[in-house]
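Undergrad: Here you go, final.txt (compact mmCIF, C-alpha atoms):
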```
# COMPACT_ATOMS: atom_id res chain seq x y z
CA MET A 562 0.00 0.00 0.00
CA ASN A 563 1.29 3.42 -0.92
CA THR A 564 1.11 5.84 2.01
CA PRO A 565 1.80 9.53 1.57
CA PRO A 566 5.13 10.63 3.07
CA ASN A 567 5.06 12.21 6.48
CA PRO A 568 5.84 15.95 6.15
CA ALA A 569 7.92 15.80 9.33
CA GLN A 570 10.27 13.27 7.71
CA ARG A 571 10.90 15.30 4.57
CA PRO A 572 14.00 17.52 4.60
CA SER A 573 13.13 21.12 5.29
CA ALA A 574 14.12 23.96 2.99
CA SER A 575 17.04 24.77 5.29
CA GLN A 576 18.41 21.24 4.78
CA SER A 577 18.36 21.44 1.01
CA LEU A 578 21.29 22.46 -1.16
CA THR A 579 19.16 23.48 -4.14
CA ASP A 580 19.08 27.17 -3.20
CA ALA A 581 22.68 27.19 -2.02
CA ARG A 582 24.37 25.91 -5.18
CA LEU A 583 26.74 27.70 -7.50
CA ARG A 584 25.29 27.07 -10.94
CA LYS A 585 26.93 29.35 -13.48
CA HIS A 586 30.44 29.19 -14.86
CA ALA A 587 30.90 32.90 -14.16
CA GLY A 588 30.20 32.27 -10.47
CA TYR A 589 32.92 29.62 -10.34
CA GLN A 590 35.38 31.84 -12.22
CA ARG A 591 34.72 34.78 -9.88
CA ALA A 592 35.27 32.56 -6.84
CA TYR A 593 38.52 31.14 -8.23
CA ALA A 594 39.83 34.61 -9.05
CA SER A 595 39.15 36.04 -5.58
CA SER A 596 40.28 33.13 -3.42
CA ARG A 597 43.22 30.86 -2.79
CA LYS A 598 43.35 27.08 -2.88
CA ARG A 599 43.31 25.24 0.43
CA GLN A 600 44.10 21.55 0.88
CA SER A 601 42.72 18.78 3.07
CA ALA A 602 43.28 15.04 3.12
CA SER A 603 40.65 14.11 0.55
CA MET A 604 39.84 17.35 -1.26
CA SER A 605 40.93 20.87 -2.04
CA TRP A 606 38.60 23.82 -1.53
CA PHE A 607 38.22 27.51 -2.34
CA LEU A 608 36.50 30.17 -0.23
CA ALA A 609 35.62 33.54 -1.76
CA PRO A 610 33.47 36.41 -0.48
CA GLN A 611 30.48 37.09 -2.72
CA GLN A 612 30.30 40.25 -4.78
CA ALA A 613 27.70 42.79 -3.66
CA ALA A 614 24.75 42.21 -5.98
CA GLY A 615 23.02 45.50 -5.44
CA ALA A 616 22.08 48.29 -3.11
CA ASP A 617 19.22 46.25 -1.60
CA ARG A 618 21.65 44.08 0.39
CA SER A 619 22.30 45.41 3.88
CA PRO A 620 24.81 44.32 6.53
CA ASP A 621 21.86 43.01 8.56
CA HIS A 622 20.93 40.61 5.74
CA PRO A 623 24.12 39.11 4.31
CA ALA A 624 24.13 37.21 1.05
CA ALA A 625 23.15 33.57 1.19
CA SER A 626 26.03 31.15 1.09
CA ARG A 627 26.61 29.13 -2.06
CA VAL A 628 28.51 25.90 -2.57
CA GLY A 629 29.96 24.39 -5.73
CA LEU A 630 31.21 20.90 -6.48
CA THR A 631 33.51 19.84 -9.28
CA ALA A 632 34.40 16.35 -10.39
CA GLY A 633 36.62 16.28 -13.46
CA LYS A 634 37.33 13.31 -15.71
CA VAL A 635 40.58 12.65 -13.89
CA LEU A 636 38.50 11.22 -11.02
CA GLY A 637 37.24 8.33 -13.09
CA LYS A 638 34.38 7.26 -15.28
CA ALA A 639 31.00 8.97 -15.19
CA HIS A 640 29.43 6.58 -12.69
CA GLU A 641 32.37 7.10 -10.29
CA ARG A 642 32.24 10.89 -10.62
CA ASN A 643 28.48 10.81 -10.02
CA ARG A 644 28.96 8.69 -6.89
CA ILE A 645 31.59 11.12 -5.58
CA LYS A 646 29.24 14.05 -6.15
CA ARG A 647 26.29 12.24 -4.52
CA ARG A 648 28.35 11.45 -1.42
CA MET A 649 29.65 15.02 -1.18
CA ARG A 650 26.16 16.51 -1.66
CA GLU A 651 24.70 14.28 1.06
CA ALA A 652 27.43 15.20 3.55
CA LEU A 653 26.96 18.89 2.73
CA ARG A 654 23.17 18.62 2.94
CA ARG A 655 23.45 17.29 6.49
CA HIS A 656 25.49 20.34 7.51
CA VAL A 657 24.07 23.10 5.30
CA ASP A 658 23.61 25.26 8.40
CA LEU A 659 27.43 25.44 8.76
CA LEU A 660 27.96 27.09 5.36
CA PRO A 661 29.67 30.50 5.79
CA GLN A 662 27.26 33.39 5.12
CA GLY A 663 28.05 35.70 2.21
CA CYS A 664 30.70 33.39 0.73
CA ASP A 665 31.09 31.00 -2.16
CA LEU A 666 32.69 27.67 -1.26
CA ILE A 667 33.92 25.29 -3.96
CA PHE A 668 35.02 21.70 -3.32
CA HIS A 669 37.37 19.68 -5.53
CA PRO A 670 37.19 16.10 -4.20
CA ARG A 671 39.96 13.58 -4.79
CA ARG A 672 39.40 10.00 -5.89
CA ILE A 673 39.81 8.77 -2.31
CA VAL A 674 36.28 10.09 -1.60
CA LEU A 675 34.93 7.01 -3.44
CA THR A 676 36.32 4.57 -0.86
CA LEU A 677 36.42 6.78 2.23
CA GLU A 678 34.02 5.81 5.02
CA PHE A 679 31.07 8.18 4.96
CA ALA A 680 31.51 9.13 8.63
CA LYS A 681 35.11 10.20 7.91
CA LEU A 682 34.03 12.15 4.83
CA GLU A 683 31.32 13.88 6.83
CA ALA A 684 33.77 14.72 9.65
CA GLU A 685 36.23 16.20 7.16
CA ILE A 686 33.52 18.32 5.54
CA VAL A 687 32.43 19.59 8.97
CA ARG A 688 36.05 20.49 9.77
CA ILE A 689 36.39 22.33 6.44
CA LEU A 690 33.11 24.19 7.02
CA GLN A 691 34.33 25.28 10.46
CA GLN A 692 37.62 26.50 8.95
CA ALA A 693 35.66 28.30 6.22
CA ASN A 694 33.48 30.02 8.83
CA ALA A 695 36.57 31.19 10.73
CA GLU A 696 38.15 32.44 7.49
CA ALA A 697 34.90 34.17 6.45
CA ALA A 698 34.74 35.93 9.81
CA ARG A 699 38.35 37.06 9.38
CA ILE A 700 37.62 38.32 5.86
CA ALA A 701 34.52 40.17 7.04
CA THR A 702 36.41 42.11 9.74
CA PRO A 703 37.61 45.50 8.51
CA ILE A 704 41.38 45.80 8.07
CA SER A 705 41.64 48.66 10.58
CA ALA A 706 39.97 46.49 13.25
CA GLN A 707 42.42 43.67 12.49
CA GLN A 708 45.40 46.00 12.86
CA SER A 709 44.20 47.41 16.17
CA ALA A 710 43.50 43.93 17.50
CA SER A 711 46.73 42.39 16.25
CA PRO A 712 49.16 41.26 18.94
CA THR A 713 52.08 42.91 17.11
CA ALA A 714 50.52 46.38 17.26
CA LEU A 715 52.24 48.27 20.05
CA PRO A 716 51.06 51.53 21.60
CA GLY A 717 52.42 54.45 19.63
CA MET A 718 53.20 52.25 16.62
CA MET A 719 52.47 54.03 13.34
CA HIS A 720 50.38 52.35 10.67
CA PRO A 721 51.45 52.69 7.01
CA GLU A 722 48.27 54.53 6.01
CA SER A 723 48.88 57.19 8.67
CA THR A 724 52.45 57.90 7.56
CA ASP A 725 53.13 60.69 5.08
CA LEU A 726 56.21 59.64 3.11
CA LYS A 727 57.03 63.12 1.85
CA SER A 728 57.39 64.49 5.36
CA THR A 729 59.88 61.77 6.35
CA ARG A 730 62.33 62.50 3.52
CA PRO A 731 65.40 64.55 4.33
CA PRO A 732 65.52 68.01 2.71
CA GLY A 733 66.85 68.06 -0.83
CA SER A 734 66.27 64.35 -1.49
CA GLY A 735 64.60 64.18 -4.84
CA ASP A 736 61.80 66.75 -4.92
CA THR A 737 63.91 69.41 -6.62
CA PRO A 738 65.15 68.93 -10.21
CA ARG A 739 68.88 68.57 -10.74
CA ASN A 740 70.87 70.55 -13.30
```
Could you rewrite the structure in this file as structure tokens?
TA:
Amino acid sequence: MNTPPNPAQRPSASQSLTDARLRKHAGYQRAYASSRKRQSASMSWFLAPQQAAGADRSPDHPAASRVGLTAGKVLGKAHERNRIKRRMREALRRHVDLLPQGCDLIFHPRRIVLTLEFAKLEAEIVRILQQANAEAARIATPISAQQSASPTALPGMMHPESTDLKSTRPPGSGDTPRN
């Protein structure tokens, strides 16, 4: 007998990756250009802040996070690449709430993901998402706040933006033309 599915058992919208996916090539290219590659045991990943998409976005409502997955032909035949992507999507779906807000995150899995125990894959993805959140928080902090909070900043230490280079030059050192 076919019973209708219980609505409580269906994944909620917050547990779905459909709205949080990078879909266009331009989105991937933008993320690659504004990030650096990071490595883990079974994958490499890229984290990039999203571009401001308009004046309607306020600091109170940051951009939704987006995630991208790539699986090139070097990983194996189509059925192997599809299995890698399914495993990655499922692990990400279980932890979609950990995605860093206002950032694009791209995963490049290695072939080891095919044979890795799912619990280990899930633990690694959680660790990467935690690192990405810490990195996103660091990126979101203004540079001036980072400099004032840095342990190397000493009282009375001058910051480069507050230094006028012309006033520190000795008299007659280059401003006047020579004959």
Undergrad: Expressed in Å to a single decimal, how great is the separation between CA of Ala693 in chain A and CA of Val635 in chain A?
TA: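 Separation between CA of Ala693 in chain A and CA of Val635 in chain A: 26.0 Å.
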Undergrad: A:Ser577, A:Ser603, A:Thr631, A:Gln590: which is nearest Leu682 in chain A, counting only C-alpha atoms?
TA: A:Ser603
Undergrad: Using all atoms listed in the file, can you list as a short mmCIF file (atom, residue, chain, number, x, y, z; two decimals) with C-alpha atoms, in the frame of the given file the residues within 12 Å of (25.1, 27.4, 5.8)?
TA:
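Wrote it out as selection37.cif, contents follow:
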```cif
data_model
loop_
_atom_site.label_atom_id
_atom_site.label_comp_id
_atom_site.auth_asym_id
_atom_site.auth_seq_id
_atom_site.Cartn_x
_atom_site.Cartn_y
_atom_site.Cartn_z
CA ALA A 574 14.12 23.96 2.99
CA SER A 575 17.04 24.77 5.29
CA GLN A 576 18.41 21.24 4.78
CA SER A 577 18.36 21.44 1.01
CA LEU A 578 21.29 22.46 -1.16
CA ASP A 580 19.08 27.17 -3.20
CA ALA A 581 22.68 27.19 -2.02
CA ARG A 582 24.37 25.91 -5.18
CA PRO A 623 24.12 39.11 4.31
CA ALA A 624 24.13 37.21 1.05
CA ALA A 625 23.15 33.57 1.19
CA SER A 626 26.03 31.15 1.09
CA ARG A 627 26.61 29.13 -2.06
CA VAL A 628 28.51 25.90 -2.57
CA LEU A 653 26.96 18.89 2.73
CA ARG A 654 23.17 18.62 2.94
CA ARG A 655 23.45 17.29 6.49
CA HIS A 656 25.49 20.34 7.51
CA VAL A 657 24.07 23.10 5.30
CA ASP A 658 23.61 25.26 8.40
CA LEU A 659 27.43 25.44 8.76
CA LEU A 660 27.96 27.09 5.36
CA PRO A 661 29.67 30.50 5.79
CA GLN A 662 27.26 33.39 5.12
CA GLY A 663 28.05 35.70 2.21
CA CYS A 664 30.70 33.39 0.73
CA ASP A 665 31.09 31.00 -2.16
CA LEU A 666 32.69 27.67 -1.26
CA VAL A 687 32.43 19.59 8.97
CA LEU A 690 33.11 24.19 7.02
CA GLN A 691 34.33 25.28 10.46
CA ALA A 693 35.66 28.30 6.22
CA ASN A 694 33.48 30.02 8.83
CA ALA A 697 34.90 34.17 6.45
#
```
Undergrad: Could you tell me how far CA of Arg644 in chain A lies from CA of Met604 in chain A, in Å and to one decimal?
TA: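 These two atoms are separated by 15.0 Å.
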Undergrad: What is the CA of Gln612 in chain A to CA of Ala594 in chain A distance in Å?
TA: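 Between CA of Gln612 in chain A and CA of Ala594 in chain A the gap is 11.9 Å.
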Undergrad: Please identify all polymer residues within 12 Å of Ala680 in chain A, counting only C-alpha atoms, omitting same-chain residues fewer than 5 positions from it, and present them as a list of chain:residue names.
TA: A:Arg648, A:Met649, A:Glu651, A:Ala652, A:Arg655, A:Val674, A:Glu685, A:Ile686, A:Val687
